[in-house]
Amino acid sequence: MLRALAFGLVIAYLVLSVVAIDNDLTNCNCDDEGFWGIQSILECQKVSDFLIAVAYFSIPIELLYFVSCSNVPFKWVLLQFIAFIVLCGLTHLLNGWTYYRQHSFQLMLSLTIAKFLTALVSCATAITLLTLIPLLLKVKVRELFLRQNVLELDQEVGMMKKQKEASWHVRMLTREIRKSLDKHTILYTTLVELSKTLDLQNCAVWMPNESRTEMYLTHELKTSSSNNYHRSLPINDPDVLEIRESKGVRILRPESALGAASSGGSSESGAVAAIRMPMLRVSNFKGGTPELVDTCYAILVLVFPAANSRVWNYHEMQIVDVVADQVAVALSHAAVLEESQLMREQLGEKNRALQQAKKNAMMASQARNSFQKVMSHGMRRPMHSILGLLSIFQEENMSFEHRIIVDTMVKIGHVLSTLINDVMEISTKDNGRFQLEMRPFGLHSMIKEASCLAKCLCVYKGFSFDFNVQISLPDQVIGDERRAFQVILYMVGYILNVYNGQGTVIFRVSRESGIDGKDDKPLGVWRSSMPDEHYIKFDIGISEQSSQSDGSISAVNHASRRHISNEVKEGLSFSICKKLVQMMQGNIWISPNVMGVAQSMTLVLRFHTQPSFGRAIFAQGRSAEPVSNSQFRGLRVILADDDGVNRIVTKKLLEKLGCQVTSVSSGFECLSALSAAENSFRIVLLDLHMPEMDGFEVALRIRKLRSQNWPSIIALTASAEEDVMERCIRVGMSGVIRKPILLQGMADELRRVL
């Protein structure tokens, strides 16, 4: 609009100039009168100058907004342009004062300066505009690029709209497919929805048979009227192989057998596309990922109508590809659901079985705890008390017969105590391992005590007893005396329990020189050529006295004994005994009809002898100091034990040694007695298994109570654990006495601690 106005003003000026020339107005004498007079023209120029000045002064106000919004180079040009416009307006304003009067010097000087500044600013603006030409070109180029980007964006938006439409179709199809988890419903819904979306002539699904040798047409949208409805194709068909090996949609050839079989019985069909669908199950994921497992594939075939001559485009193929993946996922979910339901039922049964097993285990644990409590309170503690009292009797002066009886009672008590400890240890650890005590002992004395006890048992049962020991047996050996004695007593009891008639029990002990026993093969592994190793054979059998008159009765008894023997041999007691013997690197077996006896039990054990070191040990053992109360007379001892009987017996042992004993029944009473007596007690005997406060905690509190002068603390325990001594030393105890507490053992430990 401004351009049109300026163009109109220029045209009007040219027309007026031509009219003036044609009318010869330049030579007319019209200086003082008329419209074309000098005064009128000067007035018009003056008014025009003032109007131009006003217009020039108003333009910069509008340009200040563009200055605030533009960048630095354009801002500088706009500022120059504003200065140019202001100077032009000032020039016109000053020029308006030069009409009709005498010009003053100041007016002419101001007008000259204004024109000069206007010229400078205009030149500078023109030069600056030249430098802005590259920027303007860049802006133009950027504009071209933006137009190109807009076109590309329009194309992408169009593709996005198409993709959105395709995704909408896919979501619709997926929603319809996933409405059910039945395989046949999923496949039929897929065929129907694809046919509606893509306007198909027919849609079919081919699946392999169990042997994967043929592909069968299992689902079809339009059923063929032909009799061969369940048509099949070999698995090695070229189209089938190509589809199974490719991942995307494949366009079938017009002469394809797969396409012709999927046309729904129509002789003419349009373009045919096919894609594979993996049929995954839970078993596919058990041996690795599906890519590494031989996956079974089904084939989805889609047929266009022949009337419209349509071809498969990219978006339709993309829809088919995505829908095939969704169908494969839905079928996999259906298979997983079916298998998970079966697994859930199996897990439910297993869970119920586990709950029952847990309940049984808890009941067994409670029964084991009750059993241990009964064994500890009802058998082990009384036995320890008996052994403690017997150790006092051993130190008394008595006759030879009484001493043999007391020593035998002590030996049997130790065997029974060891057996009770083994039973409790088995019930606690459940590993079938026993702790052996390998130490020097006299083999001859052990055999003599065992034979005396066996003779007593045989006489009680009504049997005769025969004892035969080889003279060349070693005397001082190293081994577990209690375990060996325990096994020998078991053998005697086994023989006496099997036989109820009259006979003679034969007890033979000899050095083993050859492998001639039953199941004696392990001895070949254990046997070595070391001179300090000796294999001692213990054989206990029975020889019956039978006659012709009671032959039938003897035969019946022999048959019953054989049945009992087999039953006992396979029982728990023999198995535990055999495991114990094998831990001692020996062997035990039952031998019928050996050395003229009806039945016998044989035990072979390995013992060590160390001539130099062994003699010193045995000499030291024989020269042990006798129990005397002179060293412990007046020794103040405080005893803490929760069991009343054991506390009384232990107190008697200490008083037998000459100690002054204060007995308490708990850890709190022990701490109270120590606090009241200050430093008068030198020895503190603590049972480690007191109920309210155990011995370890009492020892720690004693250390805190007596930070400098504390008494020596000795632990009393029936535990066979290996780390008991280490734990006692860690809390500040000076020694450990293992139950059963005997007089000699008590004296030795007190002597060592003091």
# chains A, B, ... in the order shown; residues from 1 in each chain; ligands from 1
>>> residues_around(residues="Val469 in chain A", least_positions_apart="3", cutoff="10 Å", atoms="only C-alpha atoms", output="PyMOL selection string")
chain A and resi 444+447-448+472-473+507-511+538
>>> closest_residue(among="A:Ser663, A:Gln631, A:Ser573, A:Asn421", to="Val645 in chain A", atoms="only C-alpha atoms")
A:Ser663
>>> atom_distance(atom1="CA of Met379 in chain A", atom2="CA of Val649 in chain A")
15.7 Å
>>> residues_around(residues="Phe393 in chain A", least_positions_apart="4", cutoff="12 Å", atoms="only C-alpha atoms", output="list in words")
Ile386, Leu387, Gly388, Leu389, Asn397, Met398, Ser399, His402, Arg403, Ile404, Ile405, Val406, Asp407, Met409, Val410, Lys652, Leu653, Lys656, Leu742, Leu743 and Gln744 of chain A
>>> write_last_selection(atoms="N, CA, C and O atoms", output="PDB file, in the first residue's frame")
ATOM      1  N   ILE A 386      27.047 -91.081  89.917  1.00  0.00           N
ATOM      2  CA  ILE A 386      27.497 -92.405  90.354  1.00  0.00           C
ATOM      3  C   ILE A 386      28.992 -92.563  90.145  1.00  0.00           C
ATOM      4  O   ILE A 386      29.726 -93.066  91.019  1.00  0.00           O
ATOM      5  N   LEU A 387      29.495 -92.143  88.980  1.00  0.00           N
ATOM      6  CA  LEU A 387      30.927 -92.261  88.710  1.00  0.00           C
ATOM      7  C   LEU A 387      31.737 -91.399  89.665  1.00  0.00           C
ATOM      8  O   LEU A 387      32.847 -91.776  90.080  1.00  0.00           O
ATOM      9  N   GLY A 388      31.218 -90.223  90.020  1.00  0.00           N
ATOM     10  CA  GLY A 388      31.932 -89.391  90.987  1.00  0.00           C
ATOM     11  C   GLY A 388      32.026 -90.052  92.347  1.00  0.00           C
ATOM     12  O   GLY A 388      33.091 -90.033  92.998  1.00  0.00           O
ATOM     13  N   LEU A 389      30.944 -90.670  92.798  1.00  0.00           N
ATOM     14  CA  LEU A 389      30.965 -91.360  94.084  1.00  0.00           C
ATOM     15  C   LEU A 389      31.878 -92.589  94.035  1.00  0.00           C
ATOM     16  O   LEU A 389      32.602 -92.885  95.003  1.00  0.00           O
ATOM     17  N   ASN A 397      40.600 -97.611 101.347  1.00  0.00           N
ATOM     18  CA  ASN A 397      41.239 -98.901 101.593  1.00  0.00           C
ATOM     19  C   ASN A 397      40.159 -99.974 101.678  1.00  0.00           C
ATOM     20  O   ASN A 397      39.242 -99.900 102.504  1.00  0.00           O
ATOM     21  N   MET A 398      40.239-100.959 100.802  1.00  0.00           N
ATOM     22  CA  MET A 398      39.243-102.021 100.767  1.00  0.00           C
ATOM     23  C   MET A 398      39.930-103.314 100.373  1.00  0.00           C
ATOM     24  O   MET A 398      41.087-103.309  99.917  1.00  0.00           O
ATOM     25  N   SER A 399      39.190-104.396 100.488  1.00  0.00           N
ATOM     26  CA  SER A 399      39.743-105.708 100.143  1.00  0.00           C
ATOM     27  C   SER A 399      39.884-105.861  98.638  1.00  0.00           C
ATOM     28  O   SER A 399      39.363-105.068  97.859  1.00  0.00           O
ATOM     29  N   HIS A 402      36.489-106.438  96.872  1.00  0.00           N
ATOM     30  CA  HIS A 402      35.701-105.208  96.774  1.00  0.00           C
ATOM     31  C   HIS A 402      36.288-104.247  95.750  1.00  0.00           C
ATOM     32  O   HIS A 402      35.562-103.565  95.027  1.00  0.00           O
ATOM     33  N   ARG A 403      37.636-104.198  95.681  1.00  0.00           N
ATOM     34  CA  ARG A 403      38.251-103.289  94.697  1.00  0.00           C
ATOM     35  C   ARG A 403      37.950-103.741  93.276  1.00  0.00           C
ATOM     36  O   ARG A 403      37.720-102.919  92.383  1.00  0.00           O
ATOM     37  N   ILE A 404      37.943-105.072  93.051  1.00  0.00           N
ATOM     38  CA  ILE A 404      37.601-105.558  91.704  1.00  0.00           C
ATOM     39  C   ILE A 404      36.171-105.168  91.354  1.00  0.00           C
ATOM     40  O   ILE A 404      35.865-104.729  90.228  1.00  0.00           O
ATOM     41  N   ILE A 405      35.272-105.284  92.331  1.00  0.00           N
ATOM     42  CA  ILE A 405      33.878-104.924  92.067  1.00  0.00           C
ATOM     43  C   ILE A 405      33.746-103.435  91.765  1.00  0.00           C
ATOM     44  O   ILE A 405      33.070-103.021  90.814  1.00  0.00           O
ATOM     45  N   VAL A 406      34.417-102.598  92.556  1.00  0.00           N
ATOM     46  CA  VAL A 406      34.330-101.148  92.332  1.00  0.00           C
ATOM     47  C   VAL A 406      34.956-100.776  90.990  1.00  0.00           C
ATOM     48  O   VAL A 406      34.397 -99.973  90.229  1.00  0.00           O
ATOM     49  N   ASP A 407      36.107-101.361  90.683  1.00  0.00           N
ATOM     50  CA  ASP A 407      36.742-101.045  89.400  1.00  0.00           C
ATOM     51  C   ASP A 407      35.877-101.478  88.228  1.00  0.00           C
ATOM     52  O   ASP A 407      35.776-100.781  87.208  1.00  0.00           O
ATOM     53  N   MET A 409      32.597-101.709  88.266  1.00  0.00           N
ATOM     54  CA  MET A 409      31.485-100.764  88.203  1.00  0.00           C
ATOM     55  C   MET A 409      31.915 -99.452  87.547  1.00  0.00           C
ATOM     56  O   MET A 409      31.173 -98.852  86.760  1.00  0.00           O
ATOM     57  N   VAL A 410      33.134 -98.999  87.858  1.00  0.00           N
ATOM     58  CA  VAL A 410      33.638 -97.773  87.225  1.00  0.00           C
ATOM     59  C   VAL A 410      33.791 -97.976  85.730  1.00  0.00           C
ATOM     60  O   VAL A 410      33.411 -97.111  84.920  1.00  0.00           O
ATOM     61  N   LYS A 652      31.323 -83.180  97.637  1.00  0.00           N
ATOM     62  CA  LYS A 652      31.969 -84.258  98.371  1.00  0.00           C
ATOM     63  C   LYS A 652      33.377 -84.513  97.849  1.00  0.00           C
ATOM     64  O   LYS A 652      34.315 -84.764  98.626  1.00  0.00           O
ATOM     65  N   LEU A 653      33.548 -84.466  96.524  1.00  0.00           N
ATOM     66  CA  LEU A 653      34.875 -84.672  95.944  1.00  0.00           C
ATOM     67  C   LEU A 653      35.835 -83.589  96.415  1.00  0.00           C
ATOM     68  O   LEU A 653      36.997 -83.865  96.759  1.00  0.00           O
ATOM     69  N   LYS A 656      36.690 -84.075  99.949  1.00  0.00           N
ATOM     70  CA  LYS A 656      37.616 -85.194 100.080  1.00  0.00           C
ATOM     71  C   LYS A 656      39.051 -84.739  99.857  1.00  0.00           C
ATOM     72  O   LYS A 656      39.997 -85.250 100.482  1.00  0.00           O
ATOM     73  N   LEU A 742      35.713 -87.008  88.250  1.00  0.00           N
ATOM     74  CA  LEU A 742      36.317 -88.020  89.106  1.00  0.00           C
ATOM     75  C   LEU A 742      37.292 -87.353  90.066  1.00  0.00           C
ATOM     76  O   LEU A 742      37.781 -86.242  89.819  1.00  0.00           O
ATOM     77  N   LEU A 743      37.606 -88.048  91.149  1.00  0.00           N
ATOM     78  CA  LEU A 743      38.458 -87.471  92.186  1.00  0.00           C
ATOM     79  C   LEU A 743      39.857 -87.198  91.658  1.00  0.00           C
ATOM     80  O   LEU A 743      40.419 -86.116  91.883  1.00  0.00           O
ATOM     81  N   GLN A 744      40.432 -88.174  90.924  1.00  0.00           N
ATOM     82  CA  GLN A 744      41.779 -87.981  90.400  1.00  0.00           C
ATOM     83  C   GLN A 744      41.809 -86.861  89.367  1.00  0.00           C
ATOM     84  O   GLN A 744      42.719 -86.034  89.348  1.00  0.00           O
TER      85      GLN A 744
END
>>> atom_distance(atom1="CA of Asn308 in chain A", atom2="CA of Leu221 in chain A")
19.8 Å
>>> select_by_dssp(residues="range 52-272 of chain A", states="helix (DSSP H, G or I)", output="PyMOL selection string")
chain A and resi 52-69+72-98+105-131+133-177+183-198+238-245+257-261
>>> select_by_dssp(residues="range 152-267 of chain A", states="strand (DSSP E or B)", output="PDB file with all heavy atoms, in the first residue's frame")
ATOM      1  N   ASN A 202      -9.786 -64.691   1.384  1.00  0.00           N
ATOM      2  CA  ASN A 202      -9.707 -65.835   2.290  1.00  0.00           C
ATOM      3  C   ASN A 202      -8.465 -65.674   3.168  1.00  0.00           C
ATOM      4  O   ASN A 202      -7.519 -64.955   2.821  1.00  0.00           O
ATOM      5  CB  ASN A 202      -9.634 -67.157   1.520  1.00  0.00           C
ATOM      6  CG  ASN A 202      -9.907 -68.350   2.431  1.00  0.00           C
ATOM      7  OD1 ASN A 202     -10.516 -68.199   3.491  1.00  0.00           O
ATOM      8  ND2 ASN A 202      -9.459 -69.534   2.025  1.00  0.00           N
ATOM      9  N   CYS A 203      -8.495 -66.373   4.300  1.00  0.00           N
ATOM     10  CA  CYS A 203      -7.378 -66.346   5.241  1.00  0.00           C
ATOM     11  C   CYS A 203      -7.301 -67.731   5.871  1.00  0.00           C
ATOM     12  O   CYS A 203      -8.337 -68.281   6.296  1.00  0.00           O
ATOM     13  CB  CYS A 203      -7.591 -65.270   6.307  1.00  0.00           C
ATOM     14  SG  CYS A 203      -6.149 -64.947   7.323  1.00  0.00           S
ATOM     15  N   ALA A 204      -6.093 -68.317   5.925  1.00  0.00           N
ATOM     16  CA  ALA A 204      -5.950 -69.702   6.366  1.00  0.00           C
ATOM     17  C   ALA A 204      -4.710 -69.838   7.241  1.00  0.00           C
ATOM     18  O   ALA A 204      -3.764 -69.052   7.148  1.00  0.00           O
ATOM     19  CB  ALA A 204      -5.858 -70.649   5.174  1.00  0.00           C
ATOM     20  N   VAL A 205      -4.741 -70.884   8.089  1.00  0.00           N
ATOM     21  CA  VAL A 205      -3.621 -71.208   8.977  1.00  0.00           C
ATOM     22  C   VAL A 205      -3.231 -72.653   8.731  1.00  0.00           C
ATOM     23  O   VAL A 205      -4.081 -73.552   8.746  1.00  0.00           O
ATOM     24  CB  VAL A 205      -4.005 -70.997  10.456  1.00  0.00           C
ATOM     25  CG1 VAL A 205      -2.857 -71.432  11.366  1.00  0.00           C
ATOM     26  CG2 VAL A 205      -4.362 -69.543  10.728  1.00  0.00           C
ATOM     27  N   TRP A 206      -1.932 -72.864   8.511  1.00  0.00           N
ATOM     28  CA  TRP A 206      -1.371 -74.193   8.294  1.00  0.00           C
ATOM     29  C   TRP A 206      -0.466 -74.531   9.483  1.00  0.00           C
ATOM     30  O   TRP A 206       0.343 -73.710   9.912  1.00  0.00           O
ATOM     31  CB  TRP A 206      -0.552 -74.249   7.003  1.00  0.00           C
ATOM     32  CG  TRP A 206      -1.370 -74.037   5.764  1.00  0.00           C
ATOM     33  CD1 TRP A 206      -1.882 -72.860   5.310  1.00  0.00           C
ATOM     34  CD2 TRP A 206      -1.754 -75.027   4.828  1.00  0.00           C
ATOM     35  NE1 TRP A 206      -2.575 -73.040   4.155  1.00  0.00           N
ATOM     36  CE2 TRP A 206      -2.512 -74.382   3.812  1.00  0.00           C
ATOM     37  CE3 TRP A 206      -1.553 -76.400   4.720  1.00  0.00           C
ATOM     38  CZ2 TRP A 206      -3.047 -75.063   2.735  1.00  0.00           C
ATOM     39  CZ3 TRP A 206      -2.083 -77.077   3.639  1.00  0.00           C
ATOM     40  CH2 TRP A 206      -2.818 -76.413   2.664  1.00  0.00           C
ATOM     41  N   MET A 207      -0.607 -75.755  10.001  1.00  0.00           N
ATOM     42  CA  MET A 207       0.192 -76.201  11.149  1.00  0.00           C
ATOM     43  C   MET A 207       0.830 -77.545  10.841  1.00  0.00           C
ATOM     44  O   MET A 207       0.253 -78.369  10.126  1.00  0.00           O
ATOM     45  CB  MET A 207      -0.678 -76.322  12.405  1.00  0.00           C
ATOM     46  CG  MET A 207      -1.117 -74.998  12.979  1.00  0.00           C
ATOM     47  SD  MET A 207      -1.895 -75.203  14.583  1.00  0.00           S
ATOM     48  CE  MET A 207      -2.212 -73.492  15.010  1.00  0.00           C
ATOM     49  N   PRO A 208       2.031 -77.782  11.433  1.00  0.00           N
ATOM     50  CA  PRO A 208       2.692 -79.074  11.188  1.00  0.00           C
ATOM     51  C   PRO A 208       2.078 -80.166  12.042  1.00  0.00           C
ATOM     52  O   PRO A 208       1.471 -79.916  13.091  1.00  0.00           O
ATOM     53  CB  PRO A 208       4.145 -78.797  11.580  1.00  0.00           C
ATOM     54  CG  PRO A 208       4.049 -77.716  12.605  1.00  0.00           C
ATOM     55  CD  PRO A 208       2.881 -76.864  12.207  1.00  0.00           C
ATOM     56  N   GLU A 214       4.532 -82.997   7.554  1.00  0.00           N
ATOM     57  CA  GLU A 214       3.543 -82.402   6.668  1.00  0.00           C
ATOM     58  C   GLU A 214       2.916 -81.195   7.352  1.00  0.00           C
ATOM     59  O   GLU A 214       2.913 -81.071   8.581  1.00  0.00           O
ATOM     60  CB  GLU A 214       2.444 -83.414   6.299  1.00  0.00           C
ATOM     61  CG  GLU A 214       2.930 -84.559   5.428  1.00  0.00           C
ATOM     62  CD  GLU A 214       1.790 -85.475   5.028  1.00  0.00           C
ATOM     63  OE1 GLU A 214       0.713 -85.379   5.666  1.00  0.00           O
ATOM     64  OE2 GLU A 214       1.959 -86.274   4.092  1.00  0.00           O
ATOM     65  N   MET A 215       2.387 -80.282   6.500  1.00  0.00           N
ATOM     66  CA  MET A 215       1.649 -79.115   6.972  1.00  0.00           C
ATOM     67  C   MET A 215       0.174 -79.328   6.651  1.00  0.00           C
ATOM     68  O   MET A 215      -0.182 -79.619   5.495  1.00  0.00           O
ATOM     69  CB  MET A 215       2.165 -77.845   6.294  1.00  0.00           C
ATOM     70  CG  MET A 215       3.620 -77.511   6.573  1.00  0.00           C
ATOM     71  SD  MET A 215       3.937 -77.007   8.272  1.00  0.00           S
ATOM     72  CE  MET A 215       3.030 -75.470   8.345  1.00  0.00           C
ATOM     73  N   TYR A 216      -0.691 -79.167   7.668  1.00  0.00           N
ATOM     74  CA  TYR A 216      -2.121 -79.378   7.505  1.00  0.00           C
ATOM     75  C   TYR A 216      -2.856 -78.045   7.599  1.00  0.00           C
ATOM     76  O   TYR A 216      -2.494 -77.180   8.396  1.00  0.00           O
ATOM     77  CB  TYR A 216      -2.655 -80.327   8.577  1.00  0.00           C
ATOM     78  CG  TYR A 216      -2.288 -81.770   8.340  1.00  0.00           C
ATOM     79  CD1 TYR A 216      -1.173 -82.325   8.958  1.00  0.00           C
ATOM     80  CD2 TYR A 216      -3.052 -82.577   7.494  1.00  0.00           C
ATOM     81  CE1 TYR A 216      -0.826 -83.648   8.743  1.00  0.00           C
ATOM     82  CE2 TYR A 216      -2.722 -83.896   7.272  1.00  0.00           C
ATOM     83  CZ  TYR A 216      -1.607 -84.435   7.897  1.00  0.00           C
ATOM     84  OH  TYR A 216      -1.273 -85.743   7.674  1.00  0.00           O
ATOM     85  N   LEU A 217      -3.913 -77.907   6.771  1.00  0.00           N
ATOM     86  CA  LEU A 217      -4.781 -76.737   6.809  1.00  0.00           C
ATOM     87  C   LEU A 217      -5.765 -76.932   7.967  1.00  0.00           C
ATOM     88  O   LEU A 217      -6.738 -77.669   7.859  1.00  0.00           O
ATOM     89  CB  LEU A 217      -5.522 -76.582   5.481  1.00  0.00           C
ATOM     90  CG  LEU A 217      -6.474 -75.388   5.367  1.00  0.00           C
ATOM     91  CD1 LEU A 217      -5.716 -74.074   5.517  1.00  0.00           C
ATOM     92  CD2 LEU A 217      -7.221 -75.421   4.034  1.00  0.00           C
ATOM     93  N   THR A 218      -5.514 -76.254   9.073  1.00  0.00           N
ATOM     94  CA  THR A 218      -6.317 -76.466  10.283  1.00  0.00           C
ATOM     95  C   THR A 218      -7.412 -75.424  10.456  1.00  0.00           C
ATOM     96  O   THR A 218      -8.460 -75.722  11.030  1.00  0.00           O
ATOM     97  CB  THR A 218      -5.402 -76.463  11.522  1.00  0.00           C
ATOM     98  OG1 THR A 218      -4.699 -75.214  11.575  1.00  0.00           O
ATOM     99  CG2 THR A 218      -4.395 -77.600  11.451  1.00  0.00           C
ATOM    100  N   HIS A 219      -7.205 -74.172  10.022  1.00  0.00           N
ATOM    101  CA  HIS A 219      -8.188 -73.111  10.202  1.00  0.00           C
ATOM    102  C   HIS A 219      -8.297 -72.328   8.895  1.00  0.00           C
ATOM    103  O   HIS A 219      -7.281 -71.960   8.301  1.00  0.00           O
ATOM    104  CB  HIS A 219      -7.781 -72.165  11.336  1.00  0.00           C
ATOM    105  CG  HIS A 219      -7.694 -72.845  12.666  1.00  0.00           C
ATOM    106  ND1 HIS A 219      -6.604 -73.603  13.045  1.00  0.00           N
ATOM    107  CD2 HIS A 219      -8.574 -72.878  13.717  1.00  0.00           C
ATOM    108  CE1 HIS A 219      -6.803 -74.067  14.266  1.00  0.00           C
ATOM    109  NE2 HIS A 219      -7.983 -73.646  14.692  1.00  0.00           N
ATOM    110  N   GLU A 220      -9.542 -72.078   8.454  1.00  0.00           N
ATOM    111  CA  GLU A 220      -9.780 -71.380   7.190  1.00  0.00           C
ATOM    112  C   GLU A 220     -11.027 -70.513   7.356  1.00  0.00           C
ATOM    113  O   GLU A 220     -12.006 -70.917   7.999  1.00  0.00           O
ATOM    114  CB  GLU A 220      -9.968 -72.393   6.061  1.00  0.00           C
ATOM    115  CG  GLU A 220     -10.010 -71.760   4.681  1.00  0.00           C
ATOM    116  CD  GLU A 220     -10.123 -72.811   3.590  1.00  0.00           C
ATOM    117  OE1 GLU A 220     -10.427 -73.978   3.933  1.00  0.00           O
ATOM    118  OE2 GLU A 220      -9.917 -72.464   2.420  1.00  0.00           O
ATOM    119  N   SER A 232      -3.302 -81.135   2.804  1.00  0.00           N
ATOM    120  CA  SER A 232      -1.972 -81.145   3.399  1.00  0.00           C
ATOM    121  C   SER A 232      -0.935 -80.908   2.332  1.00  0.00           C
ATOM    122  O   SER A 232      -1.164 -81.164   1.145  1.00  0.00           O
ATOM    123  CB  SER A 232      -1.714 -82.480   4.117  1.00  0.00           C
ATOM    124  OG  SER A 232      -1.740 -83.550   3.185  1.00  0.00           O
ATOM    125  N   LEU A 233       0.225 -80.426   2.771  1.00  0.00           N
ATOM    126  CA  LEU A 233       1.376 -80.207   1.907  1.00  0.00           C
ATOM    127  C   LEU A 233       2.605 -80.792   2.585  1.00  0.00           C
ATOM    128  O   LEU A 233       2.717 -80.765   3.819  1.00  0.00           O
ATOM    129  CB  LEU A 233       1.601 -78.710   1.653  1.00  0.00           C
ATOM    130  CG  LEU A 233       0.574 -77.990   0.780  1.00  0.00           C
ATOM    131  CD1 LEU A 233       0.866 -76.497   0.759  1.00  0.00           C
ATOM    132  CD2 LEU A 233       0.588 -78.549  -0.645  1.00  0.00           C
ATOM    133  N   PRO A 234       3.556 -81.302   1.831  1.00  0.00           N
ATOM    134  CA  PRO A 234       4.779 -81.820   2.460  1.00  0.00           C
ATOM    135  C   PRO A 234       5.583 -80.677   3.088  1.00  0.00           C
ATOM    136  O   PRO A 234       5.535 -79.537   2.641  1.00  0.00           O
ATOM    137  CB  PRO A 234       5.521 -82.487   1.303  1.00  0.00           C
ATOM    138  CG  PRO A 234       4.976 -81.840   0.074  1.00  0.00           C
ATOM    139  CD  PRO A 234       3.545 -81.505   0.378  1.00  0.00           C
ATOM    140  N   ARG A 250       6.136 -62.856   3.040  1.00  0.00           N
ATOM    141  CA  ARG A 250       6.589 -63.300   1.720  1.00  0.00           C
ATOM    142  C   ARG A 250       5.399 -63.301   0.769  1.00  0.00           C
ATOM    143  O   ARG A 250       4.309 -63.782   1.110  1.00  0.00           O
ATOM    144  CB  ARG A 250       7.185 -64.711   1.791  1.00  0.00           C
ATOM    145  CG  ARG A 250       8.281 -64.878   2.816  1.00  0.00           C
ATOM    146  CD  ARG A 250       9.492 -64.045   2.496  1.00  0.00           C
ATOM    147  NE  ARG A 250      10.076 -64.437   1.229  1.00  0.00           N
ATOM    148  CZ  ARG A 250      11.134 -63.844   0.687  1.00  0.00           C
ATOM    149  NH1 ARG A 250      11.681 -62.792   1.328  1.00  0.00           N
ATOM    150  NH2 ARG A 250      11.635 -64.244  -0.448  1.00  0.00           N
ATOM    151  N   ILE A 251       5.611 -62.760  -0.457  1.00  0.00           N
ATOM    152  CA  ILE A 251       4.585 -62.766  -1.512  1.00  0.00           C
ATOM    153  C   ILE A 251       4.759 -64.040  -2.323  1.00  0.00           C
ATOM    154  O   ILE A 251       5.840 -64.292  -2.882  1.00  0.00           O
ATOM    155  CB  ILE A 251       4.699 -61.518  -2.400  1.00  0.00           C
ATOM    156  CG1 ILE A 251       4.659 -60.241  -1.545  1.00  0.00           C
ATOM    157  CG2 ILE A 251       3.576 -61.506  -3.429  1.00  0.00           C
ATOM    158  CD1 ILE A 251       3.402 -60.083  -0.732  1.00  0.00           C
TER     159      ILE A 251
END
>>> residues_around(residues="Ser672 in chain A", least_positions_apart="5", cutoff="12 Å", atoms="only C-alpha atoms", output="MDAnalysis selection string")
chainID A and resid 638 640 664:667 677:678 698 701:702 705
>>> write_last_selection(atoms="N, CA and C atoms", output="compact mmCIF listing (two decimals), in the first residue's frame")
# COMPACT_ATOMS: atom_id res chain seq x y z
N ILE A 638 34.25 -71.95 95.51
CA ILE A 638 32.82 -71.74 95.35
C ILE A 638 32.36 -72.55 94.14
N ALA A 640 29.19 -73.60 91.54
CA ALA A 640 27.90 -73.19 90.99
C ALA A 640 27.41 -74.25 90.01
N VAL A 664 26.44 -73.11 95.38
CA VAL A 664 25.27 -72.32 95.00
C VAL A 664 24.63 -72.98 93.79
N SER A 665 23.38 -72.61 93.54
CA SER A 665 22.61 -73.29 92.48
C SER A 665 22.39 -72.43 91.23
N SER A 666 22.93 -71.20 91.18
CA SER A 666 22.72 -70.36 90.00
C SER A 666 23.87 -69.38 89.88
N GLY A 667 23.95 -68.74 88.71
CA GLY A 667 24.99 -67.75 88.48
C GLY A 667 24.80 -66.50 89.31
N ALA A 677 32.06 -62.02 99.78
CA ALA A 677 33.29 -62.58 100.34
C ALA A 677 34.55 -61.85 99.90
N GLU A 678 34.44 -60.91 98.99
CA GLU A 678 35.56 -60.13 98.46
C GLU A 678 36.62 -61.06 97.86
N VAL A 698 28.61 -65.72 83.46
CA VAL A 698 29.06 -65.54 84.84
C VAL A 698 30.55 -65.21 84.88
N ARG A 701 31.11 -61.58 83.93
CA ARG A 701 30.74 -60.66 85.01
C ARG A 701 31.73 -60.72 86.16
N ILE A 702 32.31 -61.88 86.41
CA ILE A 702 33.34 -61.97 87.45
C ILE A 702 34.55 -61.13 87.06
N LEU A 705 33.62 -57.66 87.71
CA LEU A 705 33.50 -57.39 89.14
C LEU A 705 34.86 -57.32 89.80
>>> residues_around(residues="range 490-495 of chain A", least_positions_apart="5", cutoff="8 Å", atoms="only C-alpha atoms", output="VMD selection string")
chain A and resid 454 540 to 542 600 to 601
